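Source file: input.pdb; contents: PDB, C-alpha atoms.
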ATOM      1  CA  MET A  11     137.156  26.557  15.037
ATOM      2  CA  PHE A  12     139.489  28.372  17.354
ATOM      3  CA  CYS A  13     142.925  28.748  15.875
ATOM      4  CA  PHE A  14     145.795  30.960  16.971
ATOM      5  CA  ASN A  15     147.720  30.995  13.728
ATOM      6  CA  SER A  16     146.691  33.949  11.589
ATOM      7  CA  HIS A  17     143.158  34.586  12.795
ATOM      8  CA  HIS A  18     143.983  35.870  16.264
ATOM      9  CA  PRO A  19     147.419  37.449  16.063
ATOM     10  CA  ILE A  20     147.194  39.077  19.488
ATOM     11  CA  LEU A  21     146.044  35.930  21.247
ATOM     12  CA  PHE A  22     148.719  34.049  19.389
ATOM     13  CA  PHE A  23     151.329  36.545  20.570
ATOM     14  CA  LEU A  24     150.132  36.264  24.174
ATOM     15  CA  PHE A  25     150.147  32.510  23.844
ATOM     16  CA  ILE A  26     153.769  32.555  22.682
ATOM     17  CA  CYS A  27     154.628  34.932  25.562
ATOM     18  CA  PHE A  28     152.939  32.708  28.088
ATOM     19  CA  PHE A  29     154.889  29.697  26.987
ATOM     20  CA  THR A  30     158.186  31.481  26.527
ATOM     21  CA  THR A  31     158.179  32.604  30.141
ATOM     22  CA  THR A  32     159.100  29.066  31.135
ATOM     23  CA  SER A  33     162.059  28.953  28.778
ATOM     24  CA  LEU A  34     163.375  31.524  26.363
ATOM     25  CA  ALA A  35     164.252  28.821  23.871
ATOM     26  CA  GLN A  36     160.844  27.187  23.629
ATOM     27  CA  LYS A  37     158.242  28.113  21.025
ATOM     28  CA  PHE A  38     154.868  26.403  20.884
ATOM     29  CA  GLU A  39     152.284  27.207  18.212
ATOM     30  CA  GLY A  40     148.844  25.688  18.157
ATOM     31  CA  LYS A  41     145.669  25.411  20.188
ATOM     32  CA  PRO A  42     146.534  25.101  23.904
ATOM     33  CA  LYS A  43     144.633  21.809  24.045
ATOM     34  CA  ASP A  44     146.795  20.320  21.307
ATOM     35  CA  ILE A  45     150.062  21.697  22.677
ATOM     36  CA  ASP A  46     149.179  20.456  26.163
ATOM     37  CA  GLN A  47     148.398  16.974  24.914
ATOM     38  CA  ILE A  48     151.634  16.774  22.925
ATOM     39  CA  LEU A  49     153.647  17.988  25.932
ATOM     40  CA  GLU A  50     151.904  15.457  28.162
ATOM     41  CA  ASN A  51     152.641  12.701  25.651
ATOM     42  CA  ILE A  52     156.303  13.703  25.546
ATOM     43  CA  THR A  53     156.574  13.450  29.336
ATOM     44  CA  ALA A  54     154.588  10.207  29.414
ATOM     45  CA  PHE A  55     156.824   8.705  26.725
ATOM     46  CA  SER A  56     159.928   9.275  28.852
ATOM     47  CA  GLN A  57     158.102   7.664  31.771
ATOM     48  CA  HIS A  58     157.171   4.608  29.664
ATOM     49  CA  VAL A  59     160.816   4.286  28.571
ATOM     50  CA  MET A  60     162.007   4.454  32.200
ATOM     51  CA  ASN A  61     159.342   1.875  33.167
ATOM     52  CA  SER A  62     160.307  -0.416  30.241
ATOM     53  CA  ASP A  63     156.578  -0.372  29.417
ATOM     54  CA  TYR A  64     156.926  -1.478  25.817
ATOM     55  CA  ASP A  65     153.198  -1.674  25.065
ATOM     56  CA  LYS A  66     152.724   1.959  26.059
ATOM     57  CA  ILE A  67     155.834   2.938  24.094
ATOM     58  CA  ALA A  68     154.415   1.235  20.990
ATOM     59  CA  ASP A  69     151.018   2.841  21.591
ATOM     60  CA  ALA A  70     152.619   6.300  21.518
ATOM     61  CA  TYR A  71     153.100   5.772  17.770
ATOM     62  CA  THR A  72     150.501   5.709  14.957
ATOM     63  CA  SER A  73     149.877   2.289  13.412
ATOM     64  CA  ASP A  74     151.817   3.360  10.283
ATOM     65  CA  ALA A  75     154.601   5.166  12.197
ATOM     66  CA  LYS A  76     158.218   5.177  11.067
ATOM     67  CA  ILE A  77     161.277   5.409  13.281
ATOM     68  CA  PHE A  78     164.828   6.098  12.062
ATOM     69  CA  PRO A  79     167.328   4.529  14.485
ATOM     70  CA  GLY A  80     171.046   4.944  13.845
ATOM     71  CA  ASN A  81     172.871   2.352  11.717
ATOM     72  CA  GLN A  82     169.798   0.578  10.374
ATOM     73  CA  ASP A  83     166.953   1.019   7.877
ATOM     74  CA  ILE A  84     163.706   2.857   8.552
ATOM     75  CA  LEU A  85     161.480   0.716  10.809
ATOM     76  CA  SER A  86     157.760   0.809  10.085
ATOM     77  CA  GLY A  87     154.725  -0.121  12.172
ATOM     78  CA  ARG A  88     154.088  -0.620  15.884
ATOM     79  CA  GLU A  89     155.340  -4.206  16.121
ATOM     80  CA  ARG A  90     158.756  -3.455  14.621
ATOM     81  CA  ILE A  91     158.997  -0.228  16.601
ATOM     82  CA  LYS A  92     158.167  -2.060  19.829
ATOM     83  CA  LYS A  93     160.898  -4.631  19.110
ATOM     84  CA  TYR A  94     163.400  -1.820  18.623
ATOM     85  CA  TRP A  95     162.658  -0.404  22.056
ATOM     86  CA  VAL A  96     162.894  -3.691  23.980
ATOM     87  CA  LEU A  97     166.111  -3.744  26.018
ATOM     88  CA  PRO A  98     168.024  -6.911  26.891
ATOM     89  CA  GLU A  99     167.113  -8.596  30.198
ATOM     90  CA  GLY A 100     168.688  -6.724  33.095
ATOM     91  CA  VAL A 101     169.266  -3.510  31.117
ATOM     92  CA  SER A 102     167.055  -0.465  31.696
ATOM     93  CA  THR A 103     166.766   3.239  30.979
ATOM     94  CA  SER A 104     167.228   4.804  34.407
ATOM     95  CA  TYR A 105     166.705   8.345  33.141
ATOM     96  CA  HIS A 106     164.977   9.791  30.066
ATOM     97  CA  LYS A 107     164.080  13.396  29.343
ATOM     98  CA  ILE A 108     162.903  15.153  26.185
ATOM     99  CA  THR A 109     163.163  18.947  25.909
ATOM    100  CA  PRO A 110     161.228  20.297  22.930
ATOM    101  CA  GLU A 111     162.549  23.529  21.414
ATOM    102  CA  GLU A 112     159.573  24.102  19.143
ATOM    103  CA  ILE A 113     156.198  22.503  18.520
ATOM    104  CA  LYS A 114     153.971  23.700  15.703
ATOM    105  CA  VAL A 115     150.539  22.268  15.025
ATOM    106  CA  ILE A 116     149.388  22.313  11.391
ATOM    107  CA  LYS A 117     145.857  20.996  11.066
ATOM    108  CA  ARG A 118     145.990  17.376  12.241
ATOM    109  CA  HIS A 119     149.790  17.151  12.150
ATOM    110  CA  ALA A 120     152.499  18.831  14.175
ATOM    111  CA  TYR A 121     156.233  19.053  13.967
ATOM    112  CA  ASP A 122     158.363  19.053  17.090
ATOM    113  CA  TYR A 123     162.108  19.161  17.563
ATOM    114  CA  GLY A 124     164.552  19.540  20.398
ATOM    115  CA  TYR A 125     166.965  17.627  22.583
ATOM    116  CA  TYR A 126     166.800  14.371  24.525
ATOM    117  CA  GLU A 127     169.019  12.902  27.184
ATOM    118  CA  GLY A 128     169.135   9.763  29.240
ATOM    119  CA  LYS A 129     170.977   7.125  31.177
ATOM    120  CA  THR A 130     171.164   3.424  30.465
ATOM    121  CA  LYS A 131     171.722   1.099  33.412
ATOM    122  CA  ARG A 132     173.728  -1.948  32.422
ATOM    123  CA  LYS A 133     173.555  -5.455  33.863
ATOM    124  CA  ASP A 134     176.632  -4.780  36.017
ATOM    125  CA  GLY A 135     174.921  -1.723  37.536
ATOM    126  CA  THR A 136     177.061   0.885  35.757
ATOM    127  CA  GLU A 137     175.349   3.686  33.887
ATOM    128  CA  VAL A 138     176.056   5.309  30.515
ATOM    129  CA  THR A 139     174.673   8.749  29.793
ATOM    130  CA  TRP A 140     173.752   9.967  26.326
ATOM    131  CA  LYS A 141     172.284  13.048  24.688
ATOM    132  CA  GLY A 142     170.951  13.856  21.274
ATOM    133  CA  LYS A 143     168.526  15.844  19.175
ATOM    134  CA  TYR A 144     165.330  14.787  17.458
ATOM    135  CA  VAL A 145     162.554  15.675  15.049
ATOM    136  CA  ILE A 146     159.087  14.189  15.523
ATOM    137  CA  VAL A 147     156.102  14.552  13.197
ATOM    138  CA  TRP A 148     152.925  14.035  15.234
ATOM    139  CA  LYS A 149     149.537  13.030  13.879
ATOM    140  CA  LYS A 150     146.155  13.341  15.567
ATOM    141  CA  GLU A 151     144.491   9.941  15.295
ATOM    142  CA  LYS A 152     141.006   9.492  16.803
ATOM    143  CA  GLY A 153     141.565  12.594  18.925
ATOM    144  CA  GLU A 154     144.935  11.393  20.227
ATOM    145  CA  TRP A 155     148.305  12.855  19.257
ATOM    146  CA  LYS A 156     150.653  10.044  18.246
ATOM    147  CA  MET A 157     154.122   9.961  16.736
ATOM    148  CA  LEU A 158     154.114   9.364  12.972
ATOM    149  CA  LEU A 159     157.828   9.994  12.282
ATOM    150  CA  ASP A 160     160.530   9.835  14.937
ATOM    151  CA  ILE A 161     164.163  10.483  14.024
ATOM    152  CA  TRP A 162     167.134  11.390  16.183
ATOM    153  CA  ASN A 163     170.907  11.416  16.354
ATOM    154  CA  ARG A 164     173.503  11.756  19.087
ATOM    155  CA  ILE A 165     175.467  14.805  20.168
TER     156      ILE A 165
ATOM    157  CA  MET B 247     141.413  25.818  -4.229
ATOM    158  CA  PHE B 248     142.202  22.483  -5.755
ATOM    159  CA  CYS B 249     143.177  19.921  -3.181
ATOM    160  CA  PHE B 250     143.470  16.163  -3.449
ATOM    161  CA  ASN B 251     143.253  15.322   0.219
ATOM    162  CA  SER B 252     139.683  14.709   1.228
ATOM    163  CA  HIS B 253     137.777  16.740  -1.326
ATOM    164  CA  HIS B 254     138.557  14.644  -4.389
ATOM    165  CA  PRO B 255     139.118  11.109  -3.148
ATOM    166  CA  ILE B 256     139.079   9.573  -6.633
ATOM    167  CA  LEU B 257     141.523  12.073  -8.091
ATOM    168  CA  PHE B 258     143.657  11.603  -5.032
ATOM    169  CA  PHE B 259     143.580   7.861  -5.517
ATOM    170  CA  LEU B 260     144.531   8.209  -9.187
ATOM    171  CA  PHE B 261     147.296  10.587  -8.209
ATOM    172  CA  ILE B 262     148.704   8.071  -5.751
ATOM    173  CA  CYS B 263     148.434   5.343  -8.410
ATOM    174  CA  PHE B 264     150.207   7.478 -10.988
ATOM    175  CA  PHE B 265     153.102   8.124  -8.694
ATOM    176  CA  THR B 266     153.299   4.621  -7.315
ATOM    177  CA  THR B 267     153.790   3.198 -10.816
ATOM    178  CA  THR B 268     157.331   4.570 -10.761
ATOM    179  CA  SER B 269     158.183   2.913  -7.460
ATOM    180  CA  LEU B 270     156.079   0.771  -5.206
ATOM    181  CA  ALA B 271     157.655   2.326  -2.140
ATOM    182  CA  GLN B 272     156.968   5.966  -2.957
ATOM    183  CA  LYS B 273     153.873   7.818  -1.765
ATOM    184  CA  PHE B 274     153.300  11.459  -2.588
ATOM    185  CA  GLU B 275     150.296  13.392  -1.284
ATOM    186  CA  GLY B 276     149.573  16.972  -2.253
ATOM    187  CA  LYS B 277     148.837  19.159  -5.239
ATOM    188  CA  PRO B 278     150.932  18.010  -8.223
ATOM    189  CA  LYS B 279     152.436  21.497  -8.486
ATOM    190  CA  ASP B 280     153.698  21.316  -4.889
ATOM    191  CA  ILE B 281     154.926  17.730  -5.150
ATOM    192  CA  ASP B 282     156.700  18.532  -8.424
ATOM    193  CA  GLN B 283     158.444  21.545  -6.945
ATOM    194  CA  ILE B 284     159.580  19.605  -3.875
ATOM    195  CA  LEU B 285     160.879  16.757  -6.070
ATOM    196  CA  GLU B 286     162.688  19.267  -8.292
ATOM    197  CA  ASN B 287     164.214  20.913  -5.226
ATOM    198  CA  ILE B 288     165.394  17.541  -3.932
ATOM    199  CA  THR B 289     167.162  16.801  -7.231
ATOM    200  CA  ALA B 290     168.564  20.331  -7.451
ATOM    201  CA  PHE B 291     169.889  20.091  -3.893
ATOM    202  CA  SER B 292     171.944  16.994  -4.755
ATOM    203  CA  GLN B 293     173.260  18.854  -7.800
ATOM    204  CA  HIS B 294     174.268  21.869  -5.666
ATOM    205  CA  VAL B 295     176.058  19.536  -3.252
ATOM    206  CA  MET B 296     177.946  17.861  -6.122
ATOM    207  CA  ASN B 297     178.806  21.311  -7.523
ATOM    208  CA  SER B 298     179.945  22.577  -4.084
ATOM    209  CA  ASP B 299     177.594  25.508  -4.755
ATOM    210  CA  TYR B 300     177.255  26.610  -1.137
ATOM    211  CA  ASP B 301     175.102  29.674  -1.844
ATOM    212  CA  LYS B 302     172.502  27.550  -3.594
ATOM    213  CA  ILE B 303     172.702  24.956  -0.811
ATOM    214  CA  ALA B 304     172.031  27.676   1.791
ATOM    215  CA  ASP B 305     169.222  29.100  -0.351
ATOM    216  CA  ALA B 306     167.460  25.721  -0.315
ATOM    217  CA  TYR B 307     166.694  26.391   3.385
ATOM    218  CA  THR B 308     164.302  28.896   4.966
ATOM    219  CA  SER B 309     165.944  31.829   6.751
ATOM    220  CA  ASP B 310     165.020  30.256  10.130
ATOM    221  CA  ALA B 311     165.868  26.684   9.109
ATOM    222  CA  LYS B 312     167.388  24.155  11.496
ATOM    223  CA  ILE B 313     169.691  21.289  10.610
ATOM    224  CA  PHE B 314     170.631  18.406  12.915
ATOM    225  CA  PRO B 315     174.075  17.077  11.944
ATOM    226  CA  GLY B 316     175.545  14.134  13.854
ATOM    227  CA  ASN B 317     177.667  14.806  16.964
ATOM    228  CA  GLN B 318     176.851  18.483  17.335
ATOM    229  CA  ASP B 319     174.039  20.803  18.445
ATOM    230  CA  ILE B 320     171.144  21.959  16.276
ATOM    231  CA  LEU B 321     172.406  24.570  13.776
ATOM    232  CA  SER B 322     170.058  27.443  13.012
ATOM    233  CA  GLY B 323     169.920  29.927  10.137
ATOM    234  CA  ARG B 324     171.354  30.021   6.611
ATOM    235  CA  GLU B 325     174.832  31.308   7.534
ATOM    236  CA  ARG B 326     175.543  28.550  10.048
ATOM    237  CA  ILE B 327     173.976  25.960   7.764
ATOM    238  CA  LYS B 328     176.117  27.142   4.848
ATOM    239  CA  LYS B 329     179.271  26.848   6.997
ATOM    240  CA  TYR B 330     178.309  23.292   7.885
ATOM    241  CA  TRP B 331     178.135  22.305   4.214
ATOM    242  CA  VAL B 332     181.462  23.863   3.169
ATOM    243  CA  LEU B 333     183.997  21.097   2.552
ATOM    244  CA  PRO B 334     187.742  21.490   3.074
ATOM    245  CA  GLU B 335     189.763  22.638   0.039
ATOM    246  CA  GLY B 336     190.317  19.732  -2.340
ATOM    247  CA  VAL B 337     187.453  17.624  -0.937
ATOM    248  CA  SER B 338     184.196  17.267  -2.872
ATOM    249  CA  THR B 339     180.979  15.274  -2.997
ATOM    250  CA  SER B 340     181.336  13.312  -6.212
ATOM    251  CA  TYR B 341     177.915  11.691  -5.900
ATOM    252  CA  HIS B 342     174.721  12.655  -4.036
ATOM    253  CA  LYS B 343     171.272  11.170  -4.382
ATOM    254  CA  ILE B 344     168.111  11.535  -2.288
ATOM    255  CA  THR B 345     165.291   8.995  -2.649
ATOM    256  CA  PRO B 346     162.111  10.150  -0.919
ATOM    257  CA  GLU B 347     159.811   7.396   0.360
ATOM    258  CA  GLU B 348     156.913   9.686   1.201
ATOM    259  CA  ILE B 349     156.058  13.355   0.779
ATOM    260  CA  LYS B 350     152.898  14.801   2.271
ATOM    261  CA  VAL B 351     151.862  18.419   1.852
ATOM    262  CA  ILE B 352     149.841  19.927   4.719
ATOM    263  CA  LYS B 353     148.799  23.494   3.914
ATOM    264  CA  ARG B 354     152.065  25.446   3.574
ATOM    265  CA  HIS B 355     154.239  22.738   5.125
ATOM    266  CA  ALA B 356     155.202  19.264   3.997
ATOM    267  CA  TYR B 357     156.969  16.334   5.556
ATOM    268  CA  ASP B 358     159.284  14.180   3.523
ATOM    269  CA  TYR B 359     161.408  11.179   4.481
ATOM    270  CA  GLY B 360     163.509   8.590   2.756
ATOM    271  CA  TYR B 361     167.082   7.582   2.045
ATOM    272  CA  TYR B 362     170.174   9.410   0.827
ATOM    273  CA  GLU B 363     173.485   8.173  -0.472
ATOM    274  CA  GLY B 364     176.690   9.709  -1.713
ATOM    275  CA  LYS B 365     180.390   9.611  -2.298
ATOM    276  CA  THR B 366     183.015  11.946  -0.903
ATOM    277  CA  LYS B 367     186.184  12.438  -2.953
ATOM    278  CA  ARG B 368     189.193  13.028  -0.714
ATOM    279  CA  LYS B 369     192.275  15.110  -1.459
ATOM    280  CA  ASP B 370     194.240  11.975  -2.369
ATOM    281  CA  GLY B 371     191.594  11.045  -4.966
ATOM    282  CA  THR B 372     190.117   8.122  -3.030
ATOM    283  CA  GLU B 373     186.371   7.984  -2.470
ATOM    284  CA  VAL B 374     184.258   7.080   0.566
ATOM    285  CA  THR B 375     180.640   6.076   0.069
ATOM    286  CA  TRP B 376     177.925   6.633   2.631
ATOM    287  CA  LYS B 377     174.211   6.086   2.998
ATOM    288  CA  GLY B 378     171.571   7.217   5.428
ATOM    289  CA  LYS B 379     167.982   8.159   6.058
ATOM    290  CA  TYR B 380     166.407  11.548   6.599
ATOM    291  CA  VAL B 381     163.320  13.512   7.582
ATOM    292  CA  ILE B 382     162.752  16.977   6.112
ATOM    293  CA  VAL B 383     159.988  19.427   7.027
ATOM    294  CA  TRP B 384     159.439  21.765   4.088
ATOM    295  CA  LYS B 385     157.849  25.209   4.228
ATOM    296  CA  LYS B 386     156.430  27.251   1.352
ATOM    297  CA  GLU B 387     157.987  30.699   1.608
ATOM    298  CA  LYS B 388     157.032  33.335  -0.994
ATOM    299  CA  GLY B 389     155.793  30.575  -3.288
ATOM    300  CA  GLU B 390     158.995  28.547  -2.973
ATOM    301  CA  TRP B 391     159.346  25.258  -1.094
ATOM    302  CA  LYS B 392     162.346  25.449   1.223
ATOM    303  CA  MET B 393     163.715  23.163   3.923
ATOM    304  CA  LEU B 394     162.745  24.233   7.453
ATOM    305  CA  LEU B 395     163.998  21.173   9.357
ATOM    306  CA  ASP B 396     166.588  18.751   7.993
ATOM    307  CA  ILE B 397     167.699  15.769  10.082
ATOM    308  CA  TRP B 398     169.442  12.563   9.074
ATOM    309  CA  ASN B 399     171.523   9.671  10.333
ATOM    310  CA  ARG B 400     173.710   7.015   8.745
ATOM    311  CA  ILE B 401     172.893   3.428   7.965
TER     312      ILE B 401
END
Whole structure, structure tokens version:
Amino acid sequence: MFCFNSHHPILFFLFICFFTTTSLAQKFEGKPKDIDQILENITAFSQHVMNSDYDKIADAYTSDAKIFPGNQDILSGRERIKKYWVLPEGVSTSYHKITPEEIKVIKRHAYDYGYYEGKTKRKDGTEVTWKGKYVIVWKKEKGEWKMLLDIWNRI
Amino acid sequence: MFCFNSHHPILFFLFICFFTTTSLAQKFEGKPKDIDQILENITAFSQHVMNSDYDKIADAYTSDAKIFPGNQDILSGRERIKKYWVLPEGVSTSYHKITPEEIKVIKRHAYDYGYYEGKTKRKDGTEVTWKGKYVIVWKKEKGEWKMLLDIWNRI
């Protein structure tokens, strides 16, 4: 198995360098294939949110996933998570972006944290912008990286 | 190395059963020594908070730890984290309790999530109670389990 962690310190160093050229703040540790898939899933998730594609949003989570929205209990499982994400008729997320600061793969799990930002378009056409920070624990399920734990709070 | 995960499914099952007798909601996966130390650290952390022992609070985190308090940016490193925890003169945390729902050890990291609750005693003697949920990523550093990522939000 090819692993950057301790077995190939030089490759690991180069890998870190490669990724840090894009942003000095970002640090990604893990096999490029895993990091790439997680990064793709992060971008795709924002797209699903902007498309109000609730099935794809729910599918981004493991079947036993937990989310931790503000001012309510922990929500468990895809059905409850999907319900959380559904916006009222006429309301949409016109902008959504996640900027990971660090992603570290550990076997079949990974932790990931950073910032998110977005805009909600209300029924009357006005927009509210918001920003926050998050921690996600990812899990590789049947070869796919899915969110197992997803918690955030506002800035 | 003794590991419950996939190598000893029966022992692992018994381990889960043993722990779940205390609470149906709790699920702990990992070597008993690791789980015990994390649980001890969780209890000790609440004690340090109630004692306003800011050095011990800071020492519960790794040197590169990140915390994610509400309404501000990610805070990094023990000094900044310690500052965050320092309460104004005359204010104290009269009660602090963390109730983990799940802890899973993965090599030298662990994820942990659950609920927390507490009471803040104000200068005038009145108390405010609060409750929330959290996700912690732990890291074993020099044989000691310390918090690497600590994020929470209120209920």
Closest atom pairs, chain B residues within 7 Å of chain A, all atoms listed in the file, as JSON lines:
{"residue": "B:Gly316", "atom": "CA", "partner": "A:Asn163", "partner_atom": "CA", "distance": 5.9}
{"residue": "B:Asn317", "atom": "CA", "partner": "A:Ile165", "partner_atom": "CA", "distance": 3.9}
{"residue": "B:Gln318", "atom": "CA", "partner": "A:Ile165", "partner_atom": "CA", "distance": 4.8}
{"residue": "B:Asp319", "atom": "CA", "partner": "A:Ile165", "partner_atom": "CA", "distance": 6.4}
{"residue": "B:Asn399", "atom": "CA", "partner": "A:Gly80", "partner_atom": "CA", "distance": 5.9}
{"residue": "B:Arg400", "atom": "CA", "partner": "A:Asn81", "partner_atom": "CA", "distance": 5.6}
{"residue": "B:Ile401", "atom": "CA", "partner": "A:Asn81", "partner_atom": "CA", "distance": 3.9}
(Q) Suppose a student applies the PyMOL selection byres ((chain B and resi 369-373) around 12) to this structure; what residues should they get, written as a PyMOL selection string? (A) chain B and resi 333-341+364-368+374-376
(Q) Taking (158.2, 16.0, -0.5) in the coordinates of the supplied file, I want to know which residues reach to within 8 Å of it, counting only C-alpha atoms; could you give the answer as a count of residues only? (A) 14
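Computed from the coordinates, the CA of Trp155 (chain A) to CA of Asn51 (chain A) distance equals 7.7 Å.
Between CA of Leu394 (chain B) and CA of Glu151 (chain A) lies a distance of 24.5 Å.
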Q: Can you turn the PyMOL selection byres ((chain B and resi 330) around 10) into a concrete residue list for this file, as a list in words?
A: Tyr300, Ala304, Ile313, Pro315, Leu321, Arg324, Glu325, Arg326, Ile327, Lys328, Lys329, Trp331, Val332 and Leu333 of chain B
**Q.** Evaluate the PyMOL selection byres ((chain A and resi 107) around 8) and report residues as a list in words
**A.** Thr53, Ser56, Tyr105, His106, Ile108, Thr109, Tyr126, Glu127 and Gly128 of chain A
Q: Mind listing whatever residues come within 8 Å of the point (152.2, 5.5, 15.9)? Use all atoms listed in the file, file coordinates, and give them as a PyMOL selection string.
A: chain A and resi 68-76+87-88+156-158
Is it possible to get the axis-aligned box enclosing region 383-388 of chain B (all listed atoms, 6 Å extra per side) as AutoDock Vina command-line options, with centre and edge lengths in Å rounded to one decimal?
--center_x 158.2 --center_y 26.4 --center_z 3.0 --size_x 15.6 --size_y 25.9 --size_z 20.0
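Taking CA of Asp46 (chain A) as the reference point, CA of Glu154 (chain A) is found at 11.6 Å.
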